[in-house]
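Dumped my_file-v3.cif below, it's mmCIF, C-alpha atoms:
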```cif
data_entry
#
loop_
_atom_site.label_atom_id
_atom_site.label_comp_id
_atom_site.auth_asym_id
_atom_site.auth_seq_id
_atom_site.Cartn_x
_atom_site.Cartn_y
_atom_site.Cartn_z
CA MET A 1 78.99 110.25 88.04
CA LYS A 2 80.18 108.53 84.89
CA LYS A 3 80.81 110.52 81.71
CA ILE A 4 80.71 108.02 78.88
CA SER A 5 80.48 109.03 75.23
CA LYS A 6 77.64 107.55 73.24
CA GLN A 7 80.23 106.67 70.58
CA ALA A 8 82.13 104.38 73.00
CA TYR A 9 81.73 100.59 72.87
CA ILE A 10 81.81 98.86 76.26
CA ALA A 11 81.50 95.09 76.70
CA ASP A 12 78.74 93.87 79.01
CA THR A 13 81.25 92.18 81.31
CA ALA A 14 83.29 95.34 81.95
CA ILE A 15 83.04 96.91 85.42
CA ILE A 16 83.11 100.70 85.46
CA TYR A 17 82.89 102.64 88.72
CA ASP A 18 81.61 106.18 89.19
CA ASP A 19 83.85 109.19 88.44
CA VAL A 20 85.11 107.68 85.18
CA GLU A 21 85.32 109.58 81.89
CA ILE A 22 85.35 107.71 78.58
CA GLY A 23 85.76 109.57 75.29
CA GLU A 24 84.53 109.03 71.75
CA ASP A 25 85.33 105.86 69.79
CA VAL A 26 86.81 104.14 72.84
CA ILE A 27 86.54 100.32 72.77
CA ILE A 28 86.53 98.44 76.08
CA HIS A 29 86.66 94.66 75.86
CA ASP A 30 85.53 91.93 78.26
CA TYR A 31 86.30 91.85 81.99
CA VAL A 32 88.00 95.24 82.16
CA VAL A 33 87.82 96.95 85.57
CA ILE A 34 87.99 100.75 85.69
CA TYR A 35 88.22 102.36 89.11
CA PRO A 36 87.15 105.92 90.00
CA ASN A 37 89.18 108.96 88.99
CA THR A 38 90.10 107.53 85.58
CA VAL A 39 89.97 109.34 82.24
CA ILE A 40 90.18 107.46 78.92
CA GLU A 41 90.51 109.86 76.01
CA ASN A 42 89.18 109.48 72.45
CA GLY A 43 90.12 106.54 70.27
CA CYS A 44 91.64 104.25 72.91
CA GLU A 45 91.20 100.48 72.89
CA ILE A 46 91.33 98.57 76.18
CA TYR A 47 91.60 94.79 75.81
CA ASP A 48 90.43 92.00 78.09
CA HIS A 49 91.22 91.87 81.82
CA CYS A 50 92.89 95.29 82.10
CA VAL A 51 92.69 97.01 85.49
CA LEU A 52 92.76 100.80 85.42
CA GLY A 53 93.04 103.29 88.28
CA LYS A 54 94.08 100.74 90.90
CA LEU A 55 95.08 102.19 94.26
CA PRO A 56 98.35 100.93 95.80
CA THR A 57 97.83 98.83 98.90
CA SER A 58 99.98 97.36 101.64
CA PRO A 59 99.38 95.38 104.86
CA GLY A 60 102.10 97.49 106.48
CA VAL A 61 105.18 95.64 105.27
CA THR A 62 106.42 98.27 102.81
CA SER A 63 108.99 100.78 104.03
CA ARG A 64 107.75 103.48 101.64
CA LYS A 65 104.72 105.35 102.95
CA ILE A 66 101.77 105.00 100.59
CA LYS A 67 99.64 108.05 99.84
CA VAL A 68 95.91 108.04 100.36
CA GLU A 69 94.85 110.45 97.61
CA PHE A 70 96.00 110.61 94.00
CA SER A 71 95.25 112.70 90.93
CA LYS A 72 93.38 111.22 87.98
CA LEU A 73 94.73 108.36 85.90
CA ILE A 74 94.71 109.73 82.35
CA ILE A 75 95.12 107.58 79.24
CA GLY A 76 95.81 109.71 76.16
CA GLU A 77 94.13 109.54 72.79
CA ASN A 78 94.54 106.54 70.48
CA SER A 79 96.47 104.45 73.00
CA ILE A 80 96.09 100.66 72.98
CA LEU A 81 96.21 98.56 76.14
CA CYS A 82 96.73 94.85 75.43
CA PRO A 83 95.24 92.14 77.68
CA GLY A 84 96.08 92.19 81.37
CA VAL A 85 97.57 95.69 81.62
CA VAL A 86 97.44 97.20 85.12
CA LEU A 87 97.65 100.98 85.53
CA TYR A 88 97.70 102.54 88.98
CA ALA A 89 96.10 105.77 90.16
CA GLY A 90 97.70 109.15 89.55
CA SER A 91 99.66 108.19 86.43
CA LYS A 92 99.44 109.87 83.05
CA ILE A 93 99.82 107.92 79.81
CA GLY A 94 100.30 110.04 76.69
CA CYS A 95 98.83 109.63 73.22
CA ASN A 96 99.42 106.90 70.61
CA ASN A 97 101.04 104.49 73.05
CA LEU A 98 101.08 100.69 72.92
CA LEU A 99 101.11 98.89 76.26
CA GLY A 100 101.83 95.18 75.86
CA ASP A 101 100.28 92.16 77.54
CA PHE A 102 100.46 92.17 81.35
CA CYS A 103 102.64 95.24 81.71
CA SER A 104 102.20 97.21 84.93
CA ILE A 105 102.70 100.92 85.57
CA ARG A 106 102.59 102.02 89.19
CA GLU A 107 101.24 105.22 90.72
CA GLU A 108 102.31 108.74 89.76
CA CYS A 109 104.23 107.79 86.62
CA MET A 110 104.40 109.81 83.44
CA VAL A 111 104.65 108.20 80.00
CA GLY A 112 105.07 110.45 76.95
CA ASN A 113 103.62 110.05 73.47
CA ASN A 114 104.28 107.36 70.83
CA CYS A 115 105.87 104.90 73.26
CA ILE A 116 105.91 101.11 73.46
CA ILE A 117 105.87 99.51 76.91
CA SER A 118 106.05 95.87 75.97
CA ARG A 119 104.95 92.52 77.45
CA ASN A 120 105.50 91.94 81.17
CA VAL A 121 107.33 95.24 81.68
CA SER A 122 107.02 96.65 85.20
CA VAL A 123 107.36 100.40 85.73
CA ASN A 124 107.59 101.34 89.38
CA TYR A 125 106.26 104.46 91.14
CA ASN A 126 107.11 108.09 90.38
CA THR A 127 108.96 107.37 87.15
CA SER A 128 108.91 109.50 84.00
CA ILE A 129 109.36 108.21 80.44
CA GLY A 130 109.79 110.53 77.46
CA ASP A 131 108.34 110.50 73.96
CA TYR A 132 109.11 107.81 71.33
CA THR A 133 110.71 105.53 73.92
CA LYS A 134 110.53 101.72 73.64
CA ILE A 135 110.93 99.32 76.57
CA MET A 136 111.00 95.66 75.58
CA ASP A 137 109.72 92.46 77.19
CA ASN A 138 110.36 91.46 80.81
CA THR A 139 112.26 94.61 81.77
CA HIS A 140 111.95 96.21 85.22
CA ILE A 141 112.00 100.00 85.51
CA THR A 142 112.55 100.94 89.14
CA GLY A 143 110.88 103.70 91.14
CA ASN A 144 112.08 107.32 91.09
CA MET A 145 113.66 106.94 87.67
CA LYS A 146 113.87 109.33 84.71
CA ILE A 147 114.02 108.14 81.10
CA GLY A 148 114.37 110.57 78.19
CA ASN A 149 113.05 110.73 74.64
CA HIS A 150 113.83 108.25 71.83
CA VAL A 151 115.33 105.73 74.28
CA PHE A 152 115.47 102.03 73.42
CA ILE A 153 115.66 99.55 76.32
CA SER A 154 115.95 95.91 75.27
CA VAL A 155 114.61 92.76 76.93
CA LEU A 156 115.38 91.59 80.48
CA VAL A 157 117.00 94.85 81.58
CA ALA A 158 117.12 95.34 85.37
CA THR A 159 117.23 98.69 87.13
CA THR A 160 117.42 99.32 90.88
CA ASN A 161 117.10 102.35 93.14
CA ASP A 162 118.47 101.44 96.57
CA ASN A 163 122.15 100.70 97.17
CA THR A 164 121.33 99.64 100.74
CA MET A 165 118.92 96.97 99.42
CA GLY A 166 116.34 97.96 102.01
CA ARG A 167 118.66 97.73 105.01
CA ILE A 168 117.87 101.28 106.12
CA GLU A 169 114.61 103.21 106.28
CA TYR A 170 113.15 104.43 102.99
CA ASN A 171 114.15 107.97 102.09
CA GLU A 172 113.98 109.55 98.64
CA ASP A 173 117.35 111.18 99.28
CA HIS A 174 119.02 107.82 98.74
CA VAL A 175 116.34 105.75 96.97
CA GLN A 176 116.79 106.99 93.43
CA GLY A 177 116.84 105.16 90.13
CA ALA A 178 119.01 105.99 87.15
CA THR A 179 118.60 109.00 84.90
CA ILE A 180 118.74 108.01 81.23
CA GLY A 181 119.30 110.73 78.63
CA ASP A 182 117.74 111.13 75.19
CA TYR A 183 118.61 108.67 72.38
CA VAL A 184 120.22 106.13 74.73
CA THR A 185 120.28 102.46 73.66
CA ILE A 186 120.46 99.72 76.29
CA GLY A 187 121.22 96.13 75.30
CA ALA A 188 119.56 92.95 76.52
CA ALA A 189 120.00 91.90 80.16
CA ALA A 190 121.94 95.02 81.16
CA ASN A 191 121.91 95.86 84.88
CA ILE A 192 121.81 99.53 85.85
CA LEU A 193 122.49 100.40 89.49
CA PRO A 194 120.96 103.26 91.54
CA CYS A 195 121.67 106.95 90.99
CA VAL A 196 123.62 106.38 87.76
CA ASN A 197 123.42 109.05 85.04
CA ILE A 198 123.57 107.77 81.47
CA GLY A 199 124.41 110.55 79.04
CA LYS A 200 122.71 111.43 75.78
CA ASN A 201 123.17 109.04 72.84
CA ALA A 202 125.16 106.51 74.90
CA ILE A 203 125.06 102.78 74.12
CA ILE A 204 125.03 100.18 76.91
CA GLY A 205 126.15 96.74 75.75
CA ALA A 206 124.21 93.55 76.42
CA SER A 207 124.69 92.15 79.96
CA ALA A 208 126.70 95.21 81.05
CA LEU A 209 126.74 96.09 84.76
CA VAL A 210 126.52 99.89 84.93
CA THR A 211 127.90 101.03 88.29
CA ARG A 212 128.91 104.62 87.47
CA ASP A 213 127.92 107.53 85.26
CA VAL A 214 128.22 107.13 81.49
CA PRO A 215 129.25 110.25 79.46
CA ASP A 216 127.38 111.41 76.37
CA ASN A 217 128.08 109.58 73.10
CA LYS A 218 130.04 106.68 74.63
CA VAL A 219 129.75 102.91 74.24
CA VAL A 220 130.15 100.97 77.50
CA MET A 221 130.42 97.20 77.92
CA GLY A 222 131.43 94.63 80.49
CA VAL A 223 131.20 93.85 84.22
CA PRO A 224 131.60 96.44 85.52
CA ALA A 225 130.84 98.51 82.43
CA LYS A 226 133.74 100.51 80.99
CA VAL A 227 133.95 102.96 78.11
CA ILE A 228 135.00 101.10 74.95
CA ARG A 229 134.75 103.79 72.28
CA ASP A 230 132.79 106.76 71.05
CA VAL A 231 129.44 106.35 69.35
CA GLU A 232 129.98 106.73 65.63
#
```
structure tokens encoding of this file:
Amino acid sequence: MKKISKQAYIADTAIIYDDVEIGEDVIIHDYVVIYPNTVIENGCEIYDHCVLGKLPTSPGVTSRKIKVEFSKLIIGENSILCPGVVLYAGSKIGCNNLLGDFCSIREECMVGNNCIISRNVSVNYNTSIGDYTKIMDNTHITGNMKIGNHVFISVLVATTNDNTMGRIEYNEDHVQGATIGDYVTIGAAANILPCVNIGKNAIIGASALVTRDVPDNKVVMGVPAKVIRDVE
């Protein structure tokens, strides 16, 4: 059964399945598709061609086993989803977030409050993102990754989670993305390899290749990235 507030505006072309909850003052534009088990809280605006609550699918070619059941997709109050956003089942998006055109957030991710996930950003499965974090255009956030609060990640940043590059069977013991501490700044086109820990308030220079842990309050640059100085 649908639970849709009378104060919500829903375009005639939107497709809304059963088991969807839509709060007060929500605006849903044309050609939005909302799958079951989705909750949209008060004051959200969902622009054209967004797909919400999508289940992950595979013809059997993925090495990671895909779950059958997921918890609800929840979109927090006053969040804005720009055209073409795709949100998968089981994720939770906090309040006052801006999700840019064509960004994608996979299943079982957590996004805090007051974040920007910008245009064409891809966030892979089982990743957490803290409050007041900004991820800029065309960046890829890998699966099994942890990102803290007040983090800034610039454009074209690449992150990976498997040092074997898929040459051995998937196992979460070795398929792990980076852990990024609070107040970290990452420059454009940086490349962050699996299992790296980036300490609080560190700065990663543009185009740096981060192959090892970065201590708190350090600036790293280069290929491979090396500590250059302390953060002032």
Here's a test: counting all atoms listed in the file, identify every protein, DNA and RNA residue with an atom at most 9 Å from (115.3, 92.3, 82.4) in the file's coordinate frame, and state them as a PyMOL selection string. chain A and resi 121+136-141+154-159+188-191
Any chance you could work out the residue set of the PyMOL selection byres ((chain A and resi 34) around 7) here, as a VMD selection string? chain A and resid 15 to 17 32 to 33 35 to 36 51 to 53
Write out as a PDB file with C-alpha atoms, in the coordinates of the input each polymer residue whose atoms come within 7 Å of Tyr132 (chain A), counting all atoms listed in the file; drop sequence neighbours fewer than 6 positions from it.
```
ATOM      1  CA  ASN A 113     103.620 110.050  73.470  1.00  0.00           C
ATOM      2  CA  ASN A 114     104.280 107.360  70.830  1.00  0.00           C
ATOM      3  CA  CYS A 115     105.870 104.900  73.260  1.00  0.00           C
ATOM      4  CA  ASN A 149     113.050 110.730  74.640  1.00  0.00           C
ATOM      5  CA  HIS A 150     113.830 108.250  71.830  1.00  0.00           C
TER       6      HIS A 150
END
```
Given the file shown, enumerate the residues that the PyMOL selection byres ((chain A and resi 162) around 12) captures and present them as a list in words.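 Answer for the PyMOL selection byres ((chain A and resi 162) around 12): Thr142, Gly143, Asn144, Met145, Thr159, Thr160, Asn161, Asn163, Thr164, Met165, Gly166, Arg167, Ile168, Glu169, Tyr170, Asn171, Glu172, Asp173, His174, Val175, Gln176, Gly177, Ala178, Ile192, Leu193, Pro194, Cys195 and Val196 of chain A.
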Expected answer as a VMD selection string: all residues with atoms within 10 Å of (102.1, 94.6, 77.3), only C-alpha atoms: chain A and resid 80 to 86 98 to 104 116 to 122 136 to 138
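Compared by their closest atoms to Ile46 (chain A), and using all atoms listed in the file, the residues A:Ala206, A:Ile66, A:Cys109, A:Leu87 rank with A:Leu87 nearest.
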One decimal, Å: what's the distance from CA of Asp213 (chain A) over to CA of Asp182 (chain A), could you say?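 Answer for the CA of Asp213 (chain A) to CA of Asp182 (chain A) separation: 14.8 Å.
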Please write as number ranges by chain the full residue list that the PyMOL selection byres ((chain A and resi 217-225) around 9) yields on this file. A: 184, 199-212, 214-216, 226-232
Set the distance at 9 Å and use only C-alpha atoms: which residues neighbour Glu69 (chain A) once local chain neighbours fewer than 5 positions away are removed? I'd like the list as a ChimeraX atom specification. /A:55,89-90
Find the spatial neighbours of region 11-13 of chain A, counting only C-alpha atoms, within a cut-off of 9 Å - ignore same-chain residues fewer than 6 positions away - and output them as a JSON list (two decimals) with C-alpha atoms, in the coordinates of the input.
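Printed below is around21.json as written:
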```json
[["chain", "number", "residue", "atom", "x", "y", "z"],
["A", 27, "ILE", "CA", 86.54, 100.32, 72.77],
["A", 28, "ILE", "CA", 86.53, 98.44, 76.08],
["A", 29, "HIS", "CA", 86.66, 94.66, 75.86],
["A", 30, "ASP", "CA", 85.53, 91.93, 78.26],
["A", 31, "TYR", "CA", 86.30, 91.85, 81.99],
["A", 32, "VAL", "CA", 88.00, 95.24, 82.16]]
```
Using Å and a single decimal, report how far CA of Thr127 (chain A) sits from CA of Thr185 (chain A). 18.3 Å
Straight-line distance linking CA of Lys6 (chain A) with CA of Met110 (chain A), stated in Å to one decimal: 28.7 Å
